[in-house]
$ cat final07.txt   # compact mmCIF, C-alpha atoms
# COMPACT_ATOMS: atom_id res chain seq x y z
CA MET A 1 -12.28 -8.24 -14.50
CA HIS A 2 -13.44 -7.45 -10.97
CA GLU A 3 -16.74 -9.09 -11.95
CA LEU A 4 -15.37 -12.49 -10.88
CA GLY A 5 -14.47 -11.16 -7.43
CA ILE A 6 -17.90 -9.58 -7.16
CA VAL A 7 -19.54 -12.88 -8.14
CA PHE A 8 -17.67 -14.61 -5.29
CA TYR A 9 -19.00 -11.94 -2.90
CA ILE A 10 -22.57 -12.45 -4.17
CA ILE A 11 -22.27 -16.24 -3.77
CA ARG A 12 -20.99 -15.82 -0.22
CA ASP A 13 -23.88 -13.50 0.72
CA VAL A 14 -26.52 -15.67 -0.99
CA LYS A 15 -25.25 -18.83 0.74
CA LYS A 16 -25.44 -17.06 4.10
CA VAL A 17 -29.04 -15.93 3.53
CA ALA A 18 -30.00 -19.38 2.20
CA GLU A 19 -28.59 -21.04 5.31
CA GLU A 20 -30.37 -18.63 7.66
CA ASN A 21 -33.68 -19.27 5.89
CA HIS A 22 -33.26 -23.05 5.45
CA VAL A 23 -33.44 -22.74 1.70
CA GLU A 24 -32.69 -25.78 -0.45
CA ARG A 25 -32.53 -24.13 -3.84
CA VAL A 26 -32.09 -20.61 -5.17
CA SER A 27 -33.57 -20.24 -8.65
CA LYS A 28 -32.95 -16.54 -9.22
CA VAL A 29 -30.82 -13.74 -7.80
CA VAL A 30 -31.89 -10.20 -8.68
CA MET A 31 -29.21 -7.49 -8.61
CA ASP A 32 -29.46 -3.69 -8.77
CA ILE A 33 -26.46 -2.51 -10.81
CA GLY A 34 -25.84 1.23 -11.11
CA GLU A 35 -25.04 2.59 -14.53
CA VAL A 36 -21.72 4.05 -13.33
CA SER A 37 -20.83 1.32 -10.83
CA THR A 38 -18.08 0.07 -13.23
CA VAL A 39 -19.68 -3.41 -13.13
CA VAL A 40 -20.38 -4.77 -16.62
CA PRO A 41 -23.62 -6.81 -16.38
CA HIS A 42 -22.88 -9.29 -19.18
CA LEU A 43 -19.45 -10.05 -17.70
CA LEU A 44 -21.10 -10.50 -14.32
CA THR A 45 -23.57 -13.04 -15.73
CA ASP A 46 -20.74 -14.86 -17.59
CA CYS A 47 -18.71 -15.17 -14.38
CA TRP A 48 -21.90 -16.12 -12.52
CA ARG A 49 -22.63 -19.06 -14.84
CA TRP A 50 -19.05 -20.34 -14.47
CA ALA A 51 -18.88 -19.97 -10.68
CA THR A 52 -22.38 -21.20 -9.76
CA ASP A 53 -21.95 -24.38 -11.78
CA LYS A 54 -19.72 -25.57 -8.94
CA GLU A 55 -22.33 -24.87 -6.23
CA GLU A 56 -25.11 -27.37 -5.51
CA LEU A 57 -27.37 -24.68 -4.02
CA LEU A 58 -27.01 -22.43 -7.07
CA LYS A 59 -26.87 -24.83 -10.00
CA GLY A 60 -28.74 -23.30 -12.95
CA CYS A 61 -29.64 -20.23 -10.86
CA GLU A 62 -30.43 -17.18 -12.99
CA LEU A 63 -28.73 -13.85 -12.28
CA LYS A 64 -30.87 -10.90 -13.28
CA CYS A 65 -29.35 -7.40 -13.39
CA ASN A 66 -31.63 -4.37 -13.06
CA ILE A 67 -29.78 -1.32 -14.36
CA ILE A 68 -30.17 1.77 -12.18
CA PRO A 69 -29.75 4.97 -14.26
CA ALA A 70 -27.11 7.34 -12.87
CA VAL A 71 -28.34 10.73 -11.65
CA THR A 72 -26.17 13.56 -10.35
CA TRP A 73 -27.29 16.38 -8.06
CA CYS A 74 -25.95 19.91 -8.47
CA ASP A 75 -25.45 21.66 -5.14
CA ASN A 76 -25.14 25.00 -6.89
CA CYS A 77 -28.47 25.19 -8.77
CA LYS A 78 -30.26 22.42 -6.82
CA GLN A 79 -31.21 20.37 -9.87
CA GLU A 80 -30.69 16.81 -11.02
CA TYR A 81 -29.19 15.73 -14.33
CA GLU A 82 -28.15 12.57 -16.21
CA THR A 83 -24.63 11.59 -15.13
CA VAL A 84 -23.64 9.59 -18.20
CA LYS A 85 -24.55 12.44 -20.56
CA HIS A 86 -22.91 15.30 -18.66
CA GLY A 87 -20.37 13.84 -16.23
CA LYS A 88 -19.15 16.00 -13.36
CA THR A 89 -20.23 19.35 -14.85
CA CYS A 90 -23.83 20.50 -14.35
CA PRO A 91 -25.51 21.18 -17.74
CA HIS A 92 -27.79 23.82 -16.17
CA CYS A 93 -25.26 26.10 -14.46
CA HIS A 94 -21.83 24.59 -15.39
CA SER A 95 -20.87 24.14 -11.76
CA GLU A 96 -18.67 21.23 -10.71
CA ASN A 97 -20.04 21.29 -7.19
CA THR A 98 -21.99 18.13 -7.95
CA TRP A 99 -22.34 14.65 -6.51
CA LEU A 100 -23.74 11.31 -7.55
CA LEU A 101 -27.30 10.78 -6.28
CA ARG A 102 -27.69 7.21 -7.56
CA GLY A 103 -26.14 4.89 -10.13
CA ASN A 104 -23.26 3.46 -8.11
CA GLU A 105 -25.22 0.49 -6.69
CA VAL A 106 -23.91 -3.07 -6.67
CA GLU A 107 -26.69 -4.54 -4.54
CA ILE A 108 -28.38 -7.86 -4.11
CA LYS A 109 -32.06 -6.93 -4.33
CA GLU A 110 -33.80 -10.24 -3.78
CA LEU A 111 -33.64 -14.01 -4.10
CA VAL A 112 -36.24 -16.38 -5.52
CA VAL A 113 -35.96 -19.57 -3.47
CA SER A 114 -37.62 -22.84 -2.68
CA SER A 115 -37.33 -24.79 0.54
CA MET B 1 -39.89 -29.19 -4.78
CA GLY B 2 -41.43 -27.10 -2.00
CA GLU B 3 -42.93 -23.66 -1.92
CA VAL B 4 -41.32 -20.87 -3.95
CA LYS B 5 -40.85 -17.52 -2.25
CA ILE B 6 -38.96 -14.26 -2.57
CA ILE B 7 -36.49 -13.07 0.04
CA GLU B 8 -35.76 -9.34 -0.07
CA ILE B 9 -32.16 -8.45 0.70
CA LYS B 10 -31.30 -4.90 -0.51
CA LYS B 11 -27.67 -5.13 0.52
CA SER B 12 -24.52 -3.83 -1.12
CA VAL B 13 -22.18 -6.57 -2.30
CA PHE B 14 -19.29 -4.56 -0.80
CA ALA B 15 -20.90 -4.23 2.65
CA ASP B 16 -19.16 -7.25 4.22
CA ASN B 17 -15.77 -6.23 2.85
CA GLU B 18 -16.22 -2.70 4.16
CA LYS B 19 -17.05 -4.09 7.60
CA ASP B 20 -13.98 -6.38 7.49
CA ALA B 21 -11.83 -3.45 6.35
CA ASP B 22 -13.04 -1.19 9.17
CA SER B 23 -12.38 -3.82 11.84
CA LEU B 24 -8.90 -4.50 10.39
CA ARG B 25 -8.16 -0.76 10.45
CA THR B 26 -9.20 -0.56 14.11
CA GLU B 27 -7.06 -3.58 15.06
CA LEU B 28 -4.03 -2.15 13.27
CA LYS B 29 -4.48 1.17 15.08
CA GLU B 30 -4.55 -0.64 18.42
CA LYS B 31 -1.35 -2.48 17.49
CA LYS B 32 0.20 0.79 16.31
CA VAL B 33 0.83 -0.59 12.84
CA PHE B 34 0.48 1.75 9.86
CA LEU B 35 -0.70 0.03 6.66
CA LEU B 36 -0.07 1.84 3.38
CA ASN B 37 -1.93 0.51 0.33
CA LEU B 38 0.08 1.43 -2.76
CA MET B 39 -1.74 1.22 -6.09
CA SER B 40 -0.98 2.04 -9.73
CA SER B 41 -1.20 0.66 -13.25
CA PRO B 42 1.38 -1.98 -14.28
CA GLY B 43 4.74 -0.49 -15.17
CA SER B 44 4.34 2.83 -13.35
CA GLY B 45 7.35 2.04 -11.17
CA LYS B 46 5.77 0.79 -7.93
CA THR B 47 8.50 -1.70 -7.08
CA THR B 48 11.37 0.66 -8.00
CA THR B 49 9.77 3.43 -5.93
CA LEU B 50 9.35 1.01 -3.03
CA ILE B 51 13.02 0.02 -3.10
CA GLN B 52 14.04 3.68 -3.05
CA ILE B 53 11.69 4.57 -0.20
CA LEU B 54 12.54 1.47 1.86
CA ASN B 55 16.24 2.30 1.71
CA ARG B 56 15.45 5.81 3.00
CA ILE B 57 13.22 4.80 5.92
CA LYS B 58 14.32 1.30 6.99
CA ASN B 59 16.66 2.66 9.68
CA LYS B 60 13.94 4.95 11.08
CA VAL B 61 10.93 2.60 11.27
CA ARG B 62 10.45 -1.16 11.38
CA VAL B 63 8.95 -1.90 7.99
CA ALA B 64 7.67 -4.97 6.12
CA VAL B 65 6.29 -5.37 2.60
CA MET B 66 3.45 -7.44 1.12
CA GLU B 67 3.53 -7.88 -2.64
CA ALA B 68 0.23 -8.78 -4.28
CA ASP B 69 0.20 -10.23 -7.77
CA ILE B 70 -1.85 -12.67 -9.76
CA ASP B 71 1.19 -14.94 -10.08
CA GLY B 72 4.98 -15.06 -9.60
CA ASP B 73 7.25 -13.86 -6.80
CA VAL B 74 9.63 -11.58 -8.71
CA ASP B 75 8.63 -8.49 -6.75
CA ALA B 76 9.01 -10.01 -3.27
CA VAL B 77 12.44 -11.42 -4.20
CA LYS B 78 13.53 -8.12 -5.75
CA ILE B 79 12.51 -6.14 -2.64
CA LYS B 80 14.27 -8.53 -0.28
CA GLU B 81 17.49 -8.50 -2.34
CA ALA B 82 17.58 -4.75 -2.86
CA THR B 83 16.63 -3.63 0.66
CA GLY B 84 16.88 -6.55 3.10
CA VAL B 85 13.37 -5.65 4.31
CA PRO B 86 11.08 -8.60 5.18
CA SER B 87 8.84 -9.16 2.21
CA ILE B 88 6.11 -11.68 1.44
CA GLN B 89 4.32 -12.47 -1.79
CA LEU B 90 0.52 -12.79 -1.90
CA HIS B 91 -1.25 -14.44 -4.80
CA THR B 92 -4.77 -13.27 -5.55
CA GLY B 93 -5.83 -16.50 -7.29
CA GLY B 94 -6.63 -14.83 -10.59
CA MET B 95 -8.34 -11.84 -9.03
CA CYS B 96 -7.44 -8.30 -10.06
CA HIS B 97 -7.41 -6.84 -6.55
CA LEU B 98 -6.93 -7.57 -2.87
CA ASP B 99 -9.76 -7.31 -0.36
CA ALA B 100 -9.68 -6.93 3.41
CA GLU B 101 -9.79 -10.68 4.07
CA MET B 102 -6.83 -11.37 1.77
CA THR B 103 -4.93 -8.48 3.35
CA ARG B 104 -5.57 -9.92 6.80
CA GLN B 105 -4.28 -13.34 5.70
CA GLY B 106 -1.10 -11.65 4.47
CA LEU B 107 -0.67 -9.71 7.73
CA ASP B 108 -1.01 -12.98 9.69
CA ASN B 109 2.32 -14.00 8.15
CA LEU B 110 4.15 -10.95 9.48
CA ASN B 111 5.38 -10.25 12.97
CA LEU B 112 3.19 -7.22 13.67
CA GLU B 113 4.47 -6.87 17.25
CA GLU B 114 7.79 -5.77 15.79
CA THR B 115 6.50 -3.76 12.85
CA ASP B 116 5.57 -0.06 12.62
CA LEU B 117 4.79 0.11 8.92
CA VAL B 118 3.50 -2.39 6.39
CA ILE B 119 3.47 -1.39 2.74
CA LEU B 120 1.05 -3.33 0.59
CA GLU B 121 1.88 -3.26 -3.11
CA ASN B 122 -1.53 -3.93 -4.64
CA VAL B 123 -2.13 -5.57 -8.03
CA GLY B 124 -1.20 -3.24 -10.91
CA ASN B 125 -4.58 -1.95 -12.05
CA LEU B 126 -6.33 1.45 -11.86
CA VAL B 127 -9.88 0.12 -11.62
CA CYS B 128 -10.53 -2.81 -9.29
CA PRO B 129 -8.17 -2.14 -6.36
CA ALA B 130 -9.98 1.18 -5.83
CA GLU B 131 -13.31 -0.63 -5.42
CA PHE B 132 -12.18 -2.89 -2.58
CA ASP B 133 -11.17 -1.38 0.76
CA THR B 134 -8.16 -3.34 2.08
CA GLY B 135 -8.36 -1.93 5.59
CA ALA B 136 -5.30 0.26 4.97
CA THR B 137 -4.60 3.30 7.14
CA CYS B 138 -3.82 5.35 4.02
CA ASN B 139 -4.10 4.84 0.26
CA ALA B 140 -1.45 6.08 -2.13
CA MET B 141 -1.11 5.72 -5.88
CA ILE B 142 1.57 6.27 -8.47
CA LEU B 143 0.81 7.87 -11.81
CA SER B 144 3.80 7.93 -14.16
CA VAL B 145 4.44 10.65 -16.73
CA PRO B 146 4.20 8.37 -19.83
CA GLU B 147 0.66 7.33 -18.81
CA GLY B 148 -0.59 10.88 -19.42
CA ASP B 149 -2.04 13.74 -17.37
CA ASP B 150 -5.64 12.82 -18.24
CA LYS B 151 -5.80 9.68 -16.06
CA PRO B 152 -7.70 11.34 -13.17
CA LEU B 153 -10.52 11.93 -15.67
CA LYS B 154 -10.50 8.35 -16.91
CA TYR B 155 -10.15 6.53 -13.59
CA PRO B 156 -12.00 8.85 -11.19
CA LEU B 157 -12.54 6.38 -8.35
CA MET B 158 -8.83 5.56 -7.98
CA PHE B 159 -7.97 9.24 -7.54
CA SER B 160 -10.89 9.91 -5.21
CA VAL B 161 -9.83 7.19 -2.71
CA CYS B 162 -6.13 8.17 -2.50
CA ASP B 163 -4.62 10.36 0.22
CA LEU B 164 -1.41 10.72 -1.78
CA VAL B 165 -0.67 10.77 -5.52
CA LEU B 166 2.97 10.32 -6.54
CA ILE B 167 3.78 11.48 -10.07
CA ASN B 168 6.67 9.23 -11.09
CA LYS B 169 9.24 9.30 -13.95
CA MET B 170 9.66 13.08 -13.70
CA ASP B 171 13.08 12.60 -15.34
CA VAL B 172 11.39 11.91 -18.71
CA LEU B 173 8.95 14.84 -18.50
CA PRO B 174 10.66 16.77 -21.38
CA TYR B 175 9.85 13.96 -23.80
CA PHE B 176 6.12 13.72 -23.09
CA ASP B 177 3.13 16.04 -23.47
CA PHE B 178 2.40 15.78 -19.77
CA ASN B 179 1.17 19.02 -18.22
CA MET B 180 1.76 18.97 -14.46
CA GLU B 181 -0.62 21.85 -13.67
CA ARG B 182 -3.40 20.25 -15.73
CA CYS B 183 -2.84 16.92 -13.99
CA LYS B 184 -2.95 18.55 -10.53
CA ARG B 185 -6.18 20.33 -11.48
CA PHE B 186 -7.78 17.05 -12.60
CA ILE B 187 -6.70 15.34 -9.36
CA GLN B 188 -8.18 18.24 -7.33
CA MET B 189 -11.48 17.81 -9.18
CA ARG B 190 -11.64 14.21 -7.99
CA ASN B 191 -10.24 14.70 -4.52
CA ALA B 192 -9.58 18.10 -3.02
CA ASN B 193 -7.65 16.56 -0.10
CA ALA B 194 -5.17 14.49 -2.11
CA GLN B 195 -1.56 15.52 -1.77
CA VAL B 196 0.56 15.40 -4.93
CA ILE B 197 4.33 14.73 -4.85
CA PRO B 198 6.34 14.61 -8.11
CA ILE B 199 9.14 12.01 -7.93
CA SER B 200 11.66 10.12 -10.01
CA ALA B 201 12.34 6.65 -8.65
CA LYS B 202 15.30 6.51 -11.05
CA THR B 203 17.13 9.68 -10.00
CA GLY B 204 15.75 9.80 -6.45
CA ASP B 205 14.18 13.25 -6.89
CA GLY B 206 11.20 13.88 -4.60
CA LEU B 207 11.69 10.70 -2.60
CA ASP B 208 12.76 12.53 0.54
CA ALA B 209 9.44 14.41 0.39
CA PHE B 210 7.59 11.08 0.07
CA ALA B 211 9.63 9.63 2.97
CA ASN B 212 8.78 12.65 5.15
CA TRP B 213 5.08 12.41 4.26
CA LEU B 214 5.12 8.76 5.29
CA LEU B 215 7.11 9.28 8.51
CA ASP B 216 4.79 12.15 9.53
CA ARG B 217 1.72 9.96 9.02
CA ILE B 218 3.28 7.08 10.99
CA SER B 219 4.12 9.32 13.93
CA GLU B 220 0.48 10.51 14.01
CA CYS B 221 -0.74 6.89 13.91
$ encode --input "final07.txt" --output "structure tokens"
Amino acid sequence: MHELGIVFYIIRDVKKVAEENHVERVSKVVMDIGEVSTVVPHLLTDCWRWATDKEELLKGCELKCNIIPAVTWCDNCKQEYETVKHGKTCPHCHSENTWLLRGNEVEIKELVVSS
Amino acid sequence: MGEVKIIEIKKSVFADNEKDADSLRTELKEKKVFLLNLMSSPGSGKTTTLIQILNRIKNKVRVAVMEADIDGDVDAVKIKEATGVPSIQLHTGGMCHLDAEMTRQGLDNLNLEETDLVILENVGNLVCPAEFDTGATCNAMILSVPEGDDKPLKYPLMFSVCDLVLINKMDVLPYFDFNMERCKRFIQMRNANAQVIPISAKTGDGLDAFANWLLDRISEC
């Protein structure tokens, strides 16, 4: 259940940006969530609805999660592969000398606001 | 309602916490305080291990303990009674982890001028505490034999952020299908630099090795 903690972080960041830009209302927050970031999008939106209900600035604000597919790079054979399907071991050469290229994101991409 | 527009942000949700954690780490270094973040799943023996280790090192370094839990103060009371070491209880307010800001609030309640080592007993959980940098000098975790040797495969992030992995409850090894070599290999896959020390908080086996590891790190701090 770290989704609740993450929601509090998002709210803090969004409030800061809203203040800096003299925003009165935020109608949508778009997130980039990596496939292997360990954040569960539907839990995030559940927590979001509960937490934002208490915030005037964010009342009724939609949280949209874009899922970023996880891709791993193999340093041995210099190829990419799907992380979720093959994990740490490269399907091309069976090396474990691999690292995550993308798919670990928990990022605020953009806000839709009105002032 | 006024004009609608889009503000691009492209910022990691963890960025602020990581910044807070780095500045806390720098401050602690300047104050010559070593902060150990101890993590594990519930029931792996964190508090029992802590009592054993505190009794071995409390005459060598000035140590204090911060216990983080969702609720209750059983751990802080237990530590104080069993070791006499100053111990405070932090409540996470329902959250499954501590972050750098909460850690700082806890540290504000300790006398850091007269402390060399602070041990933070994080919330029992193998997922969330690994996501949030507390600002600790070193991360350690306890994996106990009954949990199984496959945990590094199931909770990769936890093992990849730890400098030290203690394998606890070695006294019950004969009763479980726990393969130490397999476990060490899995830990190595996640983190080639992690040191592994087998211990038994019950019998005291391996705790001198843990104490020496800790004292060595503190003297380098």
$ residues_around --input "final07.txt" --residues "Lys184 of chain B" --least-positions-apart "3" --cutoff "12 Å" --atoms "only C-alpha atoms" --output "list in words"
Leu143, Gly148, Asp149, Asp150, Lys151, Pro152, Leu153, Phe159, Leu164, Val165, Leu166, Ile167, Phe178, Asn179, Met180, Glu181, Ile187, Gln188, Met189, Arg190, Asn191, Ala192, Asn193, Ala194, Gln195, Val196, Ile197 and Pro198 of chain B
$ write_last_selection --input "final07.txt" --atoms "C-alpha atoms" --output "mmCIF file, keeping the file's coordinate frame"
data_model
loop_
_atom_site.group_PDB
_atom_site.id
_atom_site.type_symbol
_atom_site.label_atom_id
_atom_site.label_comp_id
_atom_site.auth_asym_id
_atom_site.auth_seq_id
_atom_site.Cartn_x
_atom_site.Cartn_y
_atom_site.Cartn_z
ATOM 1 C CA LEU B 143 0.810 7.870 -11.810
ATOM 2 C CA GLY B 148 -0.590 10.880 -19.420
ATOM 3 C CA ASP B 149 -2.040 13.740 -17.370
ATOM 4 C CA ASP B 150 -5.640 12.820 -18.240
ATOM 5 C CA LYS B 151 -5.800 9.680 -16.060
ATOM 6 C CA PRO B 152 -7.700 11.340 -13.170
ATOM 7 C CA LEU B 153 -10.520 11.930 -15.670
ATOM 8 C CA PHE B 159 -7.970 9.240 -7.540
ATOM 9 C CA LEU B 164 -1.410 10.720 -1.780
ATOM 10 C CA VAL B 165 -0.670 10.770 -5.520
ATOM 11 C CA LEU B 166 2.970 10.320 -6.540
ATOM 12 C CA ILE B 167 3.780 11.480 -10.070
ATOM 13 C CA PHE B 178 2.400 15.780 -19.770
ATOM 14 C CA ASN B 179 1.170 19.020 -18.220
ATOM 15 C CA MET B 180 1.760 18.970 -14.460
ATOM 16 C CA GLU B 181 -0.620 21.850 -13.670
ATOM 17 C CA ILE B 187 -6.700 15.340 -9.360
ATOM 18 C CA GLN B 188 -8.180 18.240 -7.330
ATOM 19 C CA MET B 189 -11.480 17.810 -9.180
ATOM 20 C CA ARG B 190 -11.640 14.210 -7.990
ATOM 21 C CA ASN B 191 -10.240 14.700 -4.520
ATOM 22 C CA ALA B 192 -9.580 18.100 -3.020
ATOM 23 C CA ASN B 193 -7.650 16.560 -0.100
ATOM 24 C CA ALA B 194 -5.170 14.490 -2.110
ATOM 25 C CA GLN B 195 -1.560 15.520 -1.770
ATOM 26 C CA VAL B 196 0.560 15.400 -4.930
ATOM 27 C CA ILE B 197 4.330 14.730 -4.850
ATOM 28 C CA PRO B 198 6.340 14.610 -8.110
#
$ residues_around --input "final07.txt" --residues "Arg102 of chain A" --least-positions-apart "2" --cutoff "8 Å" --atoms "all atoms listed in the file" --output "PyMOL selection string"
chain A and resi 34+68-72+100+104-105
$ interface_residues --input "final07.txt" --of "chain A" --to "chain B" --cutoff "6 Å" --atoms "only C-alpha atoms" --output "PyMOL selection string"
chain A and resi 2+106-115
$ closest_residue --input "final07.txt" --among "B:Gly93, B:Lys80, B:Ser44, B:Val74" --to "Lys202 of chain B" --atoms "all atoms listed in the file"
B:Ser44
$ atom_distance --input "final07.txt" --atom1 "atom CA of Leu43 of chain A" --atom2 "atom CA of Lys28 of chain A"
17.2 Å
$ atom_distance --input "final07.txt" --atom1 "atom CA of Val65 of chain B" --atom2 "atom CA of Leu24 of chain B"
17.1 Å
$ atom_distance --input "final07.txt" --atom1 "atom CA of Gln52 of chain B" --atom2 "atom CA of Leu117 of chain B"
15.5 Å
$ residues_around --input "final07.txt" --residues "Lys78 of chain B" --least-positions-apart "5" --cutoff "10 Å" --atoms "only C-alpha atoms" --output "number ranges by chain"
B: 47-48, 51, 73, 83-84, 87
$ closest_residue --input "final07.txt" --among "B:Pro86, B:Pro146, B:Pro156, B:Gly106" --to "Thr134 of chain B" --atoms "only C-alpha atoms"
B:Gly106
$ residues_near_point --input "final07.txt" --point "(-28.8, -21.4, -12.1)" --cutoff "12 Å" --atoms "only C-alpha atoms" --output "number ranges by chain"
A: 11, 25-29, 45-46, 48-64, 111-113
$ residues_around --input "final07.txt" --residues "Lys32 of chain B" --least-positions-apart "5" --cutoff "9 Å" --atoms "only C-alpha atoms" --output "PyMOL selection string"
chain B and resi 27+112-113+115-117+218+221
$ closest_residue --input "final07.txt" --among "B:Cys138, B:Val118, B:Val33, B:Ala201" --to "Leu50 of chain B" --atoms "only C-alpha atoms"
B:Ala201
$ decode --input "final07.txt" --residues "segment 9-51 of chain A" --atoms "C-alpha atoms" --output "mmCIF file, in the first residue's frame"
data_model
loop_
_atom_site.group_PDB
_atom_site.id
_atom_site.type_symbol
_atom_site.label_atom_id
_atom_site.label_comp_id
_atom_site.auth_asym_id
_atom_site.auth_seq_id
_atom_site.Cartn_x
_atom_site.Cartn_y
_atom_site.Cartn_z
ATOM 1 C CA TYR A 9 3.802 13.077 -2.767
ATOM 2 C CA ILE A 10 1.884 13.809 -5.998
ATOM 3 C CA ILE A 11 -0.501 16.161 -4.166
ATOM 4 C CA ARG A 12 2.429 18.011 -2.600
ATOM 5 C CA ASP A 13 4.150 18.456 -5.991
ATOM 6 C CA VAL A 14 0.938 19.469 -7.791
ATOM 7 C CA LYS A 15 0.082 22.052 -5.112
ATOM 8 C CA LYS A 16 3.560 23.547 -5.451
ATOM 9 C CA VAL A 17 3.287 23.846 -9.243
ATOM 10 C CA ALA A 18 -0.266 25.233 -8.955
ATOM 11 C CA GLU A 19 0.900 27.903 -6.530
ATOM 12 C CA GLU A 20 3.857 28.903 -8.720
ATOM 13 C CA ASN A 21 1.561 29.238 -11.742
ATOM 14 C CA HIS A 22 -1.353 30.929 -9.933
ATOM 15 C CA VAL A 23 -3.681 28.096 -10.823
ATOM 16 C CA GLU A 24 -7.150 28.002 -9.275
ATOM 17 C CA ARG A 25 -8.207 24.541 -10.323
ATOM 18 C CA VAL A 26 -6.498 21.383 -11.536
ATOM 19 C CA SER A 27 -8.853 19.205 -13.573
ATOM 20 C CA LYS A 28 -6.461 16.435 -14.568
ATOM 21 C CA VAL A 29 -3.082 15.045 -13.524
ATOM 22 C CA VAL A 30 -1.342 12.777 -16.031
ATOM 23 C CA MET A 31 1.167 10.257 -14.673
ATOM 24 C CA ASP A 32 3.727 8.046 -16.427
ATOM 25 C CA ILE A 33 3.795 4.752 -14.507
ATOM 26 C CA GLY A 34 6.392 2.151 -15.478
ATOM 27 C CA GLU A 35 5.227 -1.413 -15.832
ATOM 28 C CA VAL A 36 7.733 -2.646 -13.218
ATOM 29 C CA SER A 37 7.622 0.403 -10.933
ATOM 30 C CA THR A 38 5.661 -1.654 -8.335
ATOM 31 C CA VAL A 39 2.925 1.014 -8.384
ATOM 32 C CA VAL A 40 -0.528 -0.466 -9.036
ATOM 33 C CA PRO A 41 -2.464 2.109 -11.123
ATOM 34 C CA HIS A 42 -5.973 1.225 -9.916
ATOM 35 C CA LEU A 43 -4.849 1.436 -6.272
ATOM 36 C CA LEU A 44 -3.229 4.769 -7.048
ATOM 37 C CA THR A 45 -6.474 6.143 -8.500
ATOM 38 C CA ASP A 46 -8.471 4.768 -5.516
ATOM 39 C CA CYS A 47 -6.145 6.509 -3.054
ATOM 40 C CA TRP A 48 -6.205 9.610 -5.261
ATOM 41 C CA ARG A 49 -10.003 9.892 -5.123
ATOM 42 C CA TRP A 50 -9.972 9.539 -1.328
ATOM 43 C CA ALA A 51 -7.139 12.008 -0.717
#
